[in-house]
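Source file: protein_30.pdb (PDB, C-alpha atoms, pLDDT in the B column)
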ATOM      1  CA  MET A  95     -47.029 -82.370 -30.773  1.00 83.00           C
ATOM      2  CA  ASN A  96     -46.558 -79.953 -33.684  1.00 91.00           C
ATOM      3  CA  LYS A  97     -47.364 -76.552 -32.128  1.00 95.00           C
ATOM      4  CA  ALA A  98     -47.888 -73.118 -33.684  1.00 96.00           C
ATOM      5  CA  ILE A  99     -49.308 -69.769 -32.668  1.00 97.00           C
ATOM      6  CA  ILE A 100     -51.969 -67.857 -34.570  1.00 98.00           C
ATOM      7  CA  PHE A 101     -52.019 -64.236 -33.449  1.00 98.00           C
ATOM      8  CA  ASP A 102     -53.341 -60.751 -34.137  1.00 97.00           C
ATOM      9  CA  THR A 103     -52.751 -57.266 -32.777  1.00 97.00           C
ATOM     10  CA  GLU A 104     -54.724 -54.040 -32.623  1.00 97.00           C
ATOM     11  CA  THR A 105     -52.512 -50.990 -32.248  1.00 97.00           C
ATOM     12  CA  THR A 106     -52.316 -47.253 -31.658  1.00 97.00           C
ATOM     13  CA  GLY A 107     -51.332 -46.797 -35.309  1.00 97.00           C
ATOM     14  CA  LEU A 108     -49.312 -48.151 -38.191  1.00 95.00           C
ATOM     15  CA  PRO A 109     -45.616 -49.007 -37.860  1.00 96.00           C
ATOM     16  CA  VAL A 110     -43.290 -46.267 -39.038  1.00 95.00           C
ATOM     17  CA  TRP A 111     -41.643 -48.464 -41.653  1.00 93.00           C
ATOM     18  CA  LYS A 112     -38.688 -46.139 -42.293  1.00 93.00           C
ATOM     19  CA  GLU A 113     -37.806 -45.916 -38.599  1.00 93.00           C
ATOM     20  CA  PRO A 114     -36.028 -48.642 -36.580  1.00 92.00           C
ATOM     21  CA  SER A 115     -38.163 -50.792 -34.300  1.00 92.00           C
ATOM     22  CA  GLU A 116     -36.727 -49.128 -31.195  1.00 90.00           C
ATOM     23  CA  SER A 117     -37.802 -45.632 -32.327  1.00 93.00           C
ATOM     24  CA  GLU A 118     -40.105 -43.791 -29.914  1.00 92.00           C
ATOM     25  CA  ALA A 119     -42.295 -42.998 -32.929  1.00 94.00           C
ATOM     26  CA  GLN A 120     -43.361 -46.647 -33.237  1.00 97.00           C
ATOM     27  CA  PRO A 121     -46.912 -47.605 -32.188  1.00 97.00           C
ATOM     28  CA  HIS A 122     -48.016 -49.524 -29.123  1.00 98.00           C
ATOM     29  CA  ILE A 123     -50.260 -52.564 -28.787  1.00 98.00           C
ATOM     30  CA  VAL A 124     -53.878 -51.921 -27.771  1.00 98.00           C
ATOM     31  CA  GLN A 125     -55.157 -55.505 -27.933  1.00 98.00           C
ATOM     32  CA  LEU A 126     -53.344 -58.822 -28.364  1.00 98.00           C
ATOM     33  CA  ALA A 127     -54.882 -62.239 -28.956  1.00 98.00           C
ATOM     34  CA  ALA A 128     -53.420 -65.607 -29.867  1.00 98.00           C
ATOM     35  CA  HIS A 129     -54.193 -69.298 -30.060  1.00 98.00           C
ATOM     36  CA  GLN A 130     -51.524 -71.885 -29.449  1.00 97.00           C
ATOM     37  CA  VAL A 131     -52.624 -74.752 -31.692  1.00 97.00           C
ATOM     38  CA  ASP A 132     -51.780 -78.357 -32.429  1.00 96.00           C
ATOM     39  CA  LEU A 133     -51.222 -78.332 -36.188  1.00 96.00           C
ATOM     40  CA  ASP A 134     -51.664 -82.073 -36.593  1.00 95.00           C
ATOM     41  CA  ALA A 135     -54.931 -82.315 -34.660  1.00 96.00           C
ATOM     42  CA  GLN A 136     -56.059 -78.812 -35.732  1.00 96.00           C
ATOM     43  CA  LYS A 137     -57.071 -78.036 -32.162  1.00 96.00           C
ATOM     44  CA  VAL A 138     -56.603 -75.041 -29.879  1.00 97.00           C
ATOM     45  CA  ILE A 139     -54.375 -75.745 -26.881  1.00 96.00           C
ATOM     46  CA  GLN A 140     -54.272 -72.358 -25.126  1.00 96.00           C
ATOM     47  CA  THR A 141     -55.642 -68.869 -25.789  1.00 97.00           C
ATOM     48  CA  ILE A 142     -54.845 -65.332 -24.702  1.00 97.00           C
ATOM     49  CA  ASP A 143     -56.986 -62.266 -25.364  1.00 98.00           C
ATOM     50  CA  VAL A 144     -55.949 -59.111 -23.545  1.00 98.00           C
ATOM     51  CA  ILE A 145     -56.411 -55.357 -23.675  1.00 98.00           C
ATOM     52  CA  VAL A 146     -53.301 -53.251 -23.028  1.00 98.00           C
ATOM     53  CA  LYS A 147     -53.351 -50.401 -20.517  1.00 97.00           C
ATOM     54  CA  PRO A 148     -52.052 -47.182 -22.105  1.00 97.00           C
ATOM     55  CA  GLU A 149     -49.117 -45.619 -20.293  1.00 95.00           C
ATOM     56  CA  GLY A 150     -49.083 -42.150 -21.778  1.00 93.00           C
ATOM     57  CA  TRP A 151     -49.843 -43.110 -25.365  1.00 95.00           C
ATOM     58  CA  VAL A 152     -53.062 -42.726 -27.363  1.00 95.00           C
ATOM     59  CA  SER A 153     -54.476 -44.291 -30.502  1.00 96.00           C
ATOM     60  CA  SER A 154     -54.501 -42.285 -33.699  1.00 95.00           C
ATOM     61  CA  PRO A 155     -58.007 -41.262 -34.845  1.00 95.00           C
ATOM     62  CA  GLU A 156     -57.758 -43.772 -37.697  1.00 95.00           C
ATOM     63  CA  ALA A 157     -56.730 -46.628 -35.389  1.00 95.00           C
ATOM     64  CA  LEU A 158     -59.426 -45.768 -32.848  1.00 95.00           C
ATOM     65  CA  GLU A 159     -62.053 -45.796 -35.597  1.00 94.00           C
ATOM     66  CA  THR A 160     -60.832 -49.265 -36.627  1.00 93.00           C
ATOM     67  CA  HIS A 161     -60.669 -51.055 -33.273  1.00 95.00           C
ATOM     68  CA  GLY A 162     -62.919 -48.860 -31.120  1.00 95.00           C
ATOM     69  CA  ILE A 163     -60.901 -49.361 -27.917  1.00 96.00           C
ATOM     70  CA  THR A 164     -60.801 -46.055 -26.055  1.00 96.00           C
ATOM     71  CA  GLU A 165     -58.038 -45.028 -23.672  1.00 96.00           C
ATOM     72  CA  GLU A 166     -60.607 -44.876 -20.861  1.00 96.00           C
ATOM     73  CA  TYR A 167     -61.745 -48.465 -21.423  1.00 96.00           C
ATOM     74  CA  ALA A 168     -58.207 -49.766 -21.848  1.00 97.00           C
ATOM     75  CA  GLY A 169     -57.155 -47.943 -18.695  1.00 96.00           C
ATOM     76  CA  ASP A 170     -59.922 -49.664 -16.730  1.00 97.00           C
ATOM     77  CA  VAL A 171     -59.461 -53.249 -17.974  1.00 97.00           C
ATOM     78  CA  GLY A 172     -56.010 -53.370 -19.558  1.00 98.00           C
ATOM     79  CA  ILE A 173     -52.756 -54.962 -18.467  1.00 98.00           C
ATOM     80  CA  PRO A 174     -49.220 -53.602 -19.004  1.00 98.00           C
ATOM     81  CA  GLU A 175     -47.921 -53.947 -22.562  1.00 98.00           C
ATOM     82  CA  LYS A 176     -44.826 -55.778 -21.310  1.00 98.00           C
ATOM     83  CA  LEU A 177     -46.988 -58.412 -19.586  1.00 98.00           C
ATOM     84  CA  ALA A 178     -49.126 -58.884 -22.701  1.00 98.00           C
ATOM     85  CA  VAL A 179     -46.023 -59.546 -24.785  1.00 97.00           C
ATOM     86  CA  GLU A 180     -44.649 -61.910 -22.138  1.00 96.00           C
ATOM     87  CA  MET A 181     -47.892 -63.888 -22.293  1.00 96.00           C
ATOM     88  CA  LEU A 182     -47.569 -64.255 -26.049  1.00 96.00           C
ATOM     89  CA  MET A 183     -43.940 -65.326 -25.831  1.00 94.00           C
ATOM     90  CA  ASP A 184     -44.907 -68.007 -23.318  1.00 93.00           C
ATOM     91  CA  LEU A 185     -47.116 -69.504 -26.046  1.00 92.00           C
ATOM     92  CA  CYS A 186     -44.576 -69.190 -28.850  1.00 87.00           C
ATOM     93  CA  GLY A 187     -41.939 -71.752 -28.002  1.00 78.00           C
ATOM     94  CA  ASN A 188     -40.076 -72.686 -31.191  1.00 77.00           C
ATOM     95  CA  GLY A 189     -43.237 -73.162 -33.226  1.00 88.00           C
ATOM     96  CA  LEU A 190     -44.566 -71.642 -36.411  1.00 95.00           C
ATOM     97  CA  HIS A 191     -46.036 -68.108 -36.363  1.00 97.00           C
ATOM     98  CA  ILE A 192     -49.274 -67.670 -38.315  1.00 98.00           C
ATOM     99  CA  ALA A 193     -51.124 -64.411 -38.973  1.00 98.00           C
ATOM    100  CA  HIS A 194     -53.012 -62.611 -41.727  1.00 97.00           C
ATOM    101  CA  ASN A 195     -50.562 -60.027 -43.054  1.00 95.00           C
ATOM    102  CA  THR A 196     -47.623 -61.213 -40.993  1.00 95.00           C
ATOM    103  CA  THR A 197     -45.537 -58.253 -42.172  1.00 94.00           C
ATOM    104  CA  PHE A 198     -47.667 -56.004 -39.955  1.00 96.00           C
ATOM    105  CA  ASP A 199     -48.212 -58.167 -36.873  1.00 96.00           C
ATOM    106  CA  ARG A 200     -44.677 -59.559 -36.661  1.00 95.00           C
ATOM    107  CA  ARG A 201     -43.264 -56.019 -36.947  1.00 96.00           C
ATOM    108  CA  ILE A 202     -45.544 -54.867 -34.147  1.00 97.00           C
ATOM    109  CA  LEU A 203     -44.298 -57.679 -31.931  1.00 97.00           C
ATOM    110  CA  ARG A 204     -40.640 -56.963 -32.782  1.00 96.00           C
ATOM    111  CA  ILE A 205     -41.190 -53.329 -31.813  1.00 97.00           C
ATOM    112  CA  ALA A 206     -42.622 -54.376 -28.455  1.00 97.00           C
ATOM    113  CA  LEU A 207     -39.906 -56.968 -27.870  1.00 96.00           C
ATOM    114  CA  LYS A 208     -37.140 -54.449 -28.542  1.00 96.00           C
ATOM    115  CA  ARG A 209     -38.920 -51.965 -26.296  1.00 96.00           C
ATOM    116  CA  TYR A 210     -39.020 -54.266 -23.292  1.00 96.00           C
ATOM    117  CA  PHE A 211     -36.635 -57.185 -23.843  1.00 95.00           C
ATOM    118  CA  GLY A 212     -33.848 -56.014 -26.164  1.00 94.00           C
ATOM    119  CA  ASP A 213     -32.382 -56.988 -29.504  1.00 94.00           C
ATOM    120  CA  ARG A 214     -31.618 -60.681 -28.988  1.00 94.00           C
ATOM    121  CA  ILE A 215     -35.161 -61.758 -28.144  1.00 94.00           C
ATOM    122  CA  ALA A 216     -36.589 -59.504 -30.861  1.00 94.00           C
ATOM    123  CA  ASP A 217     -34.179 -60.981 -33.417  1.00 94.00           C
ATOM    124  CA  ASP A 218     -35.014 -64.537 -32.332  1.00 93.00           C
ATOM    125  CA  PHE A 219     -38.682 -63.747 -32.894  1.00 94.00           C
ATOM    126  CA  LYS A 220     -37.888 -62.311 -36.329  1.00 93.00           C
ATOM    127  CA  ASP A 221     -35.978 -65.473 -37.292  1.00 94.00           C
ATOM    128  CA  ALA A 222     -38.796 -67.857 -36.320  1.00 94.00           C
ATOM    129  CA  PRO A 223     -40.644 -69.660 -39.147  1.00 95.00           C
ATOM    130  CA  TYR A 224     -43.924 -68.077 -40.184  1.00 96.00           C
ATOM    131  CA  GLU A 225     -46.805 -68.336 -42.637  1.00 97.00           C
ATOM    132  CA  CYS A 226     -49.222 -65.650 -43.783  1.00 98.00           C
ATOM    133  CA  THR A 227     -52.805 -66.592 -44.602  1.00 98.00           C
ATOM    134  CA  GLY A 228     -53.001 -63.505 -46.795  1.00 97.00           C
ATOM    135  CA  LEU A 229     -50.111 -64.655 -48.973  1.00 96.00           C
ATOM    136  CA  LEU A 230     -51.307 -68.272 -48.933  1.00 97.00           C
ATOM    137  CA  SER A 231     -54.738 -67.098 -50.117  1.00 97.00           C
ATOM    138  CA  LYS A 232     -53.450 -65.120 -53.105  1.00 95.00           C
ATOM    139  CA  PRO A 233     -52.857 -67.953 -55.609  1.00 93.00           C
ATOM    140  CA  ILE A 234     -56.104 -69.646 -54.575  1.00 95.00           C
ATOM    141  CA  MET A 235     -58.411 -66.619 -54.678  1.00 96.00           C
ATOM    142  CA  LYS A 236     -56.640 -64.913 -57.626  1.00 94.00           C
ATOM    143  CA  MET A 237     -57.992 -61.452 -56.848  1.00 94.00           C
ATOM    144  CA  GLU A 238     -57.534 -58.611 -59.286  1.00 89.00           C
ATOM    145  CA  PRO A 239     -55.882 -56.265 -59.903  1.00 83.00           C
ATOM    146  CA  LYS A 240     -52.548 -57.979 -60.307  1.00 80.00           C
ATOM    147  CA  GLY A 241     -49.479 -55.943 -59.443  1.00 79.00           C
ATOM    148  CA  ARG A 242     -45.738 -56.361 -59.361  1.00 80.00           C
ATOM    149  CA  TYR A 243     -46.143 -59.030 -56.662  1.00 77.00           C
ATOM    150  CA  GLY A 244     -48.885 -60.940 -58.444  1.00 85.00           C
ATOM    151  CA  TYR A 245     -52.512 -61.116 -57.411  1.00 92.00           C
ATOM    152  CA  LYS A 246     -53.930 -58.736 -54.817  1.00 94.00           C
ATOM    153  CA  MET A 247     -53.623 -59.982 -51.248  1.00 95.00           C
ATOM    154  CA  PRO A 248     -57.152 -60.407 -49.862  1.00 96.00           C
ATOM    155  CA  LYS A 249     -58.256 -58.673 -46.712  1.00 96.00           C
ATOM    156  CA  LEU A 250     -59.047 -60.956 -43.797  1.00 97.00           C
ATOM    157  CA  GLU A 251     -62.787 -60.442 -44.309  1.00 97.00           C
ATOM    158  CA  GLU A 252     -62.491 -61.328 -47.999  1.00 97.00           C
ATOM    159  CA  ALA A 253     -60.496 -64.489 -47.354  1.00 97.00           C
ATOM    160  CA  TYR A 254     -62.827 -65.547 -44.556  1.00 97.00           C
ATOM    161  CA  ARG A 255     -65.852 -65.159 -46.820  1.00 97.00           C
ATOM    162  CA  TYR A 256     -64.146 -67.099 -49.619  1.00 98.00           C
ATOM    163  CA  PHE A 257     -63.003 -70.064 -47.542  1.00 97.00           C
ATOM    164  CA  THR A 258     -65.928 -70.368 -45.110  1.00 97.00           C
ATOM    165  CA  ASP A 259     -68.873 -68.853 -47.013  1.00 96.00           C
ATOM    166  CA  LYS A 260     -69.585 -66.784 -43.888  1.00 96.00           C
ATOM    167  CA  GLU A 261     -69.318 -63.101 -43.027  1.00 96.00           C
ATOM    168  CA  LEU A 262     -66.726 -62.138 -40.434  1.00 95.00           C
ATOM    169  CA  GLU A 263     -68.375 -60.692 -37.330  1.00 91.00           C
ATOM    170  CA  ASN A 264     -66.574 -58.371 -34.910  1.00 88.00           C
ATOM    171  CA  ALA A 265     -63.729 -57.753 -37.366  1.00 86.00           C
ATOM    172  CA  HIS A 266     -60.781 -55.827 -35.897  1.00 88.00           C
ATOM    173  CA  THR A 267     -61.238 -57.297 -32.471  1.00 94.00           C
ATOM    174  CA  ALA A 268     -58.082 -59.327 -32.052  1.00 96.00           C
ATOM    175  CA  ILE A 269     -59.677 -62.607 -30.948  1.00 97.00           C
ATOM    176  CA  ALA A 270     -62.273 -62.537 -33.745  1.00 96.00           C
ATOM    177  CA  ASP A 271     -59.488 -61.988 -36.251  1.00 97.00           C
ATOM    178  CA  VAL A 272     -57.456 -64.840 -34.732  1.00 98.00           C
ATOM    179  CA  ASN A 273     -60.434 -67.179 -34.998  1.00 98.00           C
ATOM    180  CA  ALA A 274     -60.985 -66.157 -38.613  1.00 98.00           C
ATOM    181  CA  CYS A 275     -57.298 -66.571 -39.457  1.00 98.00           C
ATOM    182  CA  MET A 276     -57.356 -70.053 -37.942  1.00 98.00           C
ATOM    183  CA  GLU A 277     -60.382 -71.133 -39.987  1.00 98.00           C
ATOM    184  CA  ILE A 278     -58.764 -69.796 -43.152  1.00 98.00           C
ATOM    185  CA  TYR A 279     -55.509 -71.602 -42.382  1.00 98.00           C
ATOM    186  CA  TRP A 280     -57.228 -74.969 -41.825  1.00 98.00           C
ATOM    187  CA  ALA A 281     -59.185 -74.504 -45.076  1.00 97.00           C
ATOM    188  CA  ILE A 282     -56.020 -73.720 -47.036  1.00 97.00           C
ATOM    189  CA  LYS A 283     -54.218 -76.736 -45.589  1.00 95.00           C
ATOM    190  CA  LYS A 284     -57.161 -78.925 -46.598  1.00 95.00           C
ATOM    191  CA  ILE A 285     -56.897 -77.619 -50.163  1.00 93.00           C
ATOM    192  CA  GLU A 286     -53.113 -78.133 -50.191  1.00 89.00           C
ATOM    193  CA  MET A 287     -53.538 -81.724 -49.010  1.00 87.00           C
ATOM    194  CA  ALA A 288     -56.199 -82.437 -51.626  1.00 85.00           C
ATOM    195  CA  THR A 289     -54.030 -80.868 -54.337  1.00 77.00           C
ATOM    196  CA  ALA A 290     -51.059 -83.011 -53.315  1.00 71.00           C
ATOM    197  CA  LEU A 291     -53.236 -86.098 -53.802  1.00 68.00           C
ATOM    198  CA  ASP A 292     -54.844 -84.829 -57.016  1.00 63.00           C
ATOM    199  CA  PRO A 293     -53.161 -81.852 -58.767  1.00 64.00           C
ATOM    200  CA  ALA A 294     -56.347 -81.172 -60.717  1.00 62.00           C
ATOM    201  CA  VAL A 295     -58.005 -79.958 -57.491  1.00 58.00           C
ATOM    202  CA  GLY A 296     -55.865 -76.843 -57.374  1.00 56.00           C
ATOM    203  CA  GLN A 297     -56.532 -75.809 -60.954  1.00 56.00           C
TER     204      GLN A 297
END

Entire entry expressed as C-alpha cells:
Amino acid sequence: MNKAIIFDTETTGLPVWKEPSESEAQPHIVQLAAHQVDLDAQKVIQTIDVIVKPEGWVSSPEALETHGITEEYAGDVGIPEKLAVEMLMDLCGNGLHIAHNTTFDRRILRIALKRYFGDRIADDFKDAPYECTGLLSKPIMKMEPKGRYGYKMPKLEEAYRYFTDKELENAHTAIADVNACMEIYWAIKKIEMATALDPAVGQ
C-alpha cells in the first residue's frame, strides 16, 4: 500500500522565520488534523482531528480571528501538544507528506518535534518527501501577478474553488482544510495522469 499523510495545523501565530525552531518565541499548535491515505486507491485509512490544550500560551489576536479557537474552549476539550504530535507521527511512517503551503505546516511540526522529541526526529521529519498542493496548483491555475517565483500561489480556498467548483466551508478549521487539500490533490493527480496520456490536456 502506497501511504501518505495530508495534514493541516492551526496555531497561536506565525513561525518566527529568523529564529531557530527551538526558540521559545516560536508558536504552538492549537488544532491538528490529518488523513493517512492510500495514494493508489485514493482512500482515507485513518484520521485525527484534535484541539490542543494551552499550557501557558495564548493565540495572537490575528490567529484567534482566523481560527476562532479560544483558550477557554481549548482548555476544556484539548489534549497536550506533545500527544497531538505523537498521534500525527504514528500516522506518518515513511510516507509522503502533503499539505497546502507545506513551508508553513512542516515548519510548525518541526518546531513541535524539536520542542518535545529533539533534533533527530525533527530532522527526520524535515527530510521526508513532501508535496504542496499550493505549488502544484500554480502552473495549472496561472494566477497573476507573477513574481520572482512565477505565478502567484493560490490560497486554499481559491484552489478548492478552481478544482472542485465548490466553495470551501469552515475554512481554517484543520479538518476542513485537510479535506479540501485532499480533494485538490486528487484533482491535480487526475490532470497529471491525463496530461501524461495526452500532452494537449495540460495546455

* Asked: What's the 8 Å shell around segment 135-143 of chain A, counting all atoms listed in the file, without same-chain residues fewer than 5 positions away, as a list in words?
  -> Gln125, Leu126, Ala127, Ala128, His129, Gln130, Met181, Leu182, Leu185, Ala268, Ile269 and Trp280 of chain A

Suppose we keep C-alpha atoms; can you now write the selection as a PDB file, keeping the file's coordinate frame?
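Produced file out.pdb, reproduced below:
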ATOM      1  CA  GLN A 125     -55.157 -55.505 -27.933  1.00 98.00           C
ATOM      2  CA  LEU A 126     -53.344 -58.822 -28.364  1.00 98.00           C
ATOM      3  CA  ALA A 127     -54.882 -62.239 -28.956  1.00 98.00           C
ATOM      4  CA  ALA A 128     -53.420 -65.607 -29.867  1.00 98.00           C
ATOM      5  CA  HIS A 129     -54.193 -69.298 -30.060  1.00 98.00           C
ATOM      6  CA  GLN A 130     -51.524 -71.885 -29.449  1.00 97.00           C
ATOM      7  CA  MET A 181     -47.892 -63.888 -22.293  1.00 96.00           C
ATOM      8  CA  LEU A 182     -47.569 -64.255 -26.049  1.00 96.00           C
ATOM      9  CA  LEU A 185     -47.116 -69.504 -26.046  1.00 92.00           C
ATOM     10  CA  ALA A 268     -58.082 -59.327 -32.052  1.00 96.00           C
ATOM     11  CA  ILE A 269     -59.677 -62.607 -30.948  1.00 97.00           C
ATOM     12  CA  TRP A 280     -57.228 -74.969 -41.825  1.00 98.00           C
TER      13      TRP A 280
END

* Given the file shown, enumerate the residues that the PyMOL selection byres ((chain A and resi 246-250) around 9) captures and present them as a PyMOL selection string. => chain A and resi 194-195+227-232+235-241+243-245+251-255+262+265+271+274-275+278

Can you write just those residues out, C-alpha atoms, as an mmCIF file, keeping the file's coordinate frame?
data_model
loop_
_atom_site.group_PDB
_atom_site.id
_atom_site.type_symbol
_atom_site.label_atom_id
_atom_site.label_comp_id
_atom_site.auth_asym_id
_atom_site.auth_seq_id
_atom_site.Cartn_x
_atom_site.Cartn_y
_atom_site.Cartn_z
ATOM 1 C CA HIS A 194 -53.012 -62.611 -41.727
ATOM 2 C CA ASN A 195 -50.562 -60.027 -43.054
ATOM 3 C CA THR A 227 -52.805 -66.592 -44.602
ATOM 4 C CA GLY A 228 -53.001 -63.505 -46.795
ATOM 5 C CA LEU A 229 -50.111 -64.655 -48.973
ATOM 6 C CA LEU A 230 -51.307 -68.272 -48.933
ATOM 7 C CA SER A 231 -54.738 -67.098 -50.117
ATOM 8 C CA LYS A 232 -53.450 -65.120 -53.105
ATOM 9 C CA MET A 235 -58.411 -66.619 -54.678
ATOM 10 C CA LYS A 236 -56.640 -64.913 -57.626
ATOM 11 C CA MET A 237 -57.992 -61.452 -56.848
ATOM 12 C CA GLU A 238 -57.534 -58.611 -59.286
ATOM 13 C CA PRO A 239 -55.882 -56.265 -59.903
ATOM 14 C CA LYS A 240 -52.548 -57.979 -60.307
ATOM 15 C CA GLY A 241 -49.479 -55.943 -59.443
ATOM 16 C CA TYR A 243 -46.143 -59.030 -56.662
ATOM 17 C CA GLY A 244 -48.885 -60.940 -58.444
ATOM 18 C CA TYR A 245 -52.512 -61.116 -57.411
ATOM 19 C CA GLU A 251 -62.787 -60.442 -44.309
ATOM 20 C CA GLU A 252 -62.491 -61.328 -47.999
ATOM 21 C CA ALA A 253 -60.496 -64.489 -47.354
ATOM 22 C CA TYR A 254 -62.827 -65.547 -44.556
ATOM 23 C CA ARG A 255 -65.852 -65.159 -46.820
ATOM 24 C CA LEU A 262 -66.726 -62.138 -40.434
ATOM 25 C CA ALA A 265 -63.729 -57.753 -37.366
ATOM 26 C CA ASP A 271 -59.488 -61.988 -36.251
ATOM 27 C CA ALA A 274 -60.985 -66.157 -38.613
ATOM 28 C CA CYS A 275 -57.298 -66.571 -39.457
ATOM 29 C CA ILE A 278 -58.764 -69.796 -43.152
#

* Structure fact -> Taken to one decimal, the atom CA of Ala206 of chain A-atom CA of Phe101 of chain A distance is 14.5 Å

* Asked: segment 104-119 of chain A: which residues within 6 Å, counting all atoms listed in the file, same-chain residues fewer than 2 positions away excluded, as a PyMOL selection string?
  -> chain A and resi 121-125+153-154+157+205+208

* Structure fact -> The residue from A:Leu203, A:Ile234, A:Ala222, A:Met287 with the smallest atom-to-atom distance to Ala178 of chain A, counting only C-alpha atoms, is A:Leu203

Since the input lacks some atoms of segment 252-259 of chain A, please model all heavy atoms and print them as a compact mmCIF listing (two decimals), in the frame of the given file.
# COMPACT_ATOMS: atom_id res chain seq x y z
N GLU A 252 -62.30 -60.74 -46.67
CA GLU A 252 -62.49 -61.33 -48.00
C GLU A 252 -62.09 -62.80 -48.02
O GLU A 252 -62.79 -63.65 -48.59
CB GLU A 252 -61.69 -60.54 -49.03
CG GLU A 252 -62.18 -59.12 -49.23
CD GLU A 252 -61.22 -58.26 -50.04
OE1 GLU A 252 -60.00 -58.51 -50.02
OE2 GLU A 252 -61.71 -57.33 -50.71
N ALA A 253 -60.95 -63.10 -47.39
CA ALA A 253 -60.50 -64.49 -47.35
C ALA A 253 -61.44 -65.34 -46.52
O ALA A 253 -61.75 -66.49 -46.88
CB ALA A 253 -59.07 -64.56 -46.78
N TYR A 254 -61.91 -64.80 -45.40
CA TYR A 254 -62.83 -65.55 -44.56
C TYR A 254 -64.10 -65.89 -45.31
O TYR A 254 -64.61 -67.02 -45.24
CB TYR A 254 -63.14 -64.73 -43.31
CG TYR A 254 -63.97 -65.47 -42.29
CD1 TYR A 254 -63.42 -66.48 -41.51
CD2 TYR A 254 -65.32 -65.14 -42.09
CE1 TYR A 254 -64.18 -67.16 -40.57
CE2 TYR A 254 -66.08 -65.81 -41.15
CZ TYR A 254 -65.51 -66.82 -40.40
OH TYR A 254 -66.26 -67.50 -39.46
N ARG A 255 -64.64 -64.92 -46.03
CA ARG A 255 -65.85 -65.16 -46.82
C ARG A 255 -65.61 -66.23 -47.89
O ARG A 255 -66.44 -67.11 -48.12
CB ARG A 255 -66.30 -63.85 -47.48
CG ARG A 255 -67.63 -63.95 -48.22
CD ARG A 255 -67.97 -62.63 -48.91
NE ARG A 255 -67.94 -61.51 -47.97
CZ ARG A 255 -67.11 -60.49 -48.07
NH1 ARG A 255 -66.21 -60.45 -49.06
NH2 ARG A 255 -67.13 -59.51 -47.20
N TYR A 256 -64.46 -66.16 -48.53
CA TYR A 256 -64.15 -67.10 -49.62
C TYR A 256 -64.03 -68.53 -49.09
O TYR A 256 -64.58 -69.47 -49.67
CB TYR A 256 -62.83 -66.68 -50.29
CG TYR A 256 -62.41 -67.57 -51.43
CD1 TYR A 256 -62.82 -67.31 -52.73
CD2 TYR A 256 -61.60 -68.68 -51.21
CE1 TYR A 256 -62.43 -68.13 -53.79
CE2 TYR A 256 -61.21 -69.51 -52.25
CZ TYR A 256 -61.62 -69.23 -53.53
OH TYR A 256 -61.25 -70.05 -54.56
N PHE A 257 -63.30 -68.71 -48.01
CA PHE A 257 -63.00 -70.06 -47.54
C PHE A 257 -64.08 -70.67 -46.65
O PHE A 257 -64.14 -71.89 -46.50
CB PHE A 257 -61.66 -70.08 -46.81
CG PHE A 257 -60.48 -69.91 -47.72
CD1 PHE A 257 -59.80 -68.71 -47.77
CD2 PHE A 257 -60.05 -70.95 -48.54
CE1 PHE A 257 -58.71 -68.54 -48.61
CE2 PHE A 257 -58.97 -70.79 -49.39
CZ PHE A 257 -58.30 -69.58 -49.43
N THR A 258 -64.91 -69.83 -46.02
CA THR A 258 -65.93 -70.37 -45.11
C THR A 258 -67.36 -70.12 -45.57
O THR A 258 -68.28 -70.69 -45.00
CB THR A 258 -65.77 -69.76 -43.70
OG1 THR A 258 -66.18 -68.38 -43.72
CG2 THR A 258 -64.33 -69.87 -43.21
N ASP A 259 -67.54 -69.25 -46.55
CA ASP A 259 -68.87 -68.85 -47.01
C ASP A 259 -69.66 -68.19 -45.88
O ASP A 259 -70.89 -68.31 -45.83
CB ASP A 259 -69.64 -70.06 -47.58
CG ASP A 259 -70.78 -69.63 -48.51
OD1 ASP A 259 -70.67 -68.55 -49.11
OD2 ASP A 259 -71.79 -70.36 -48.58
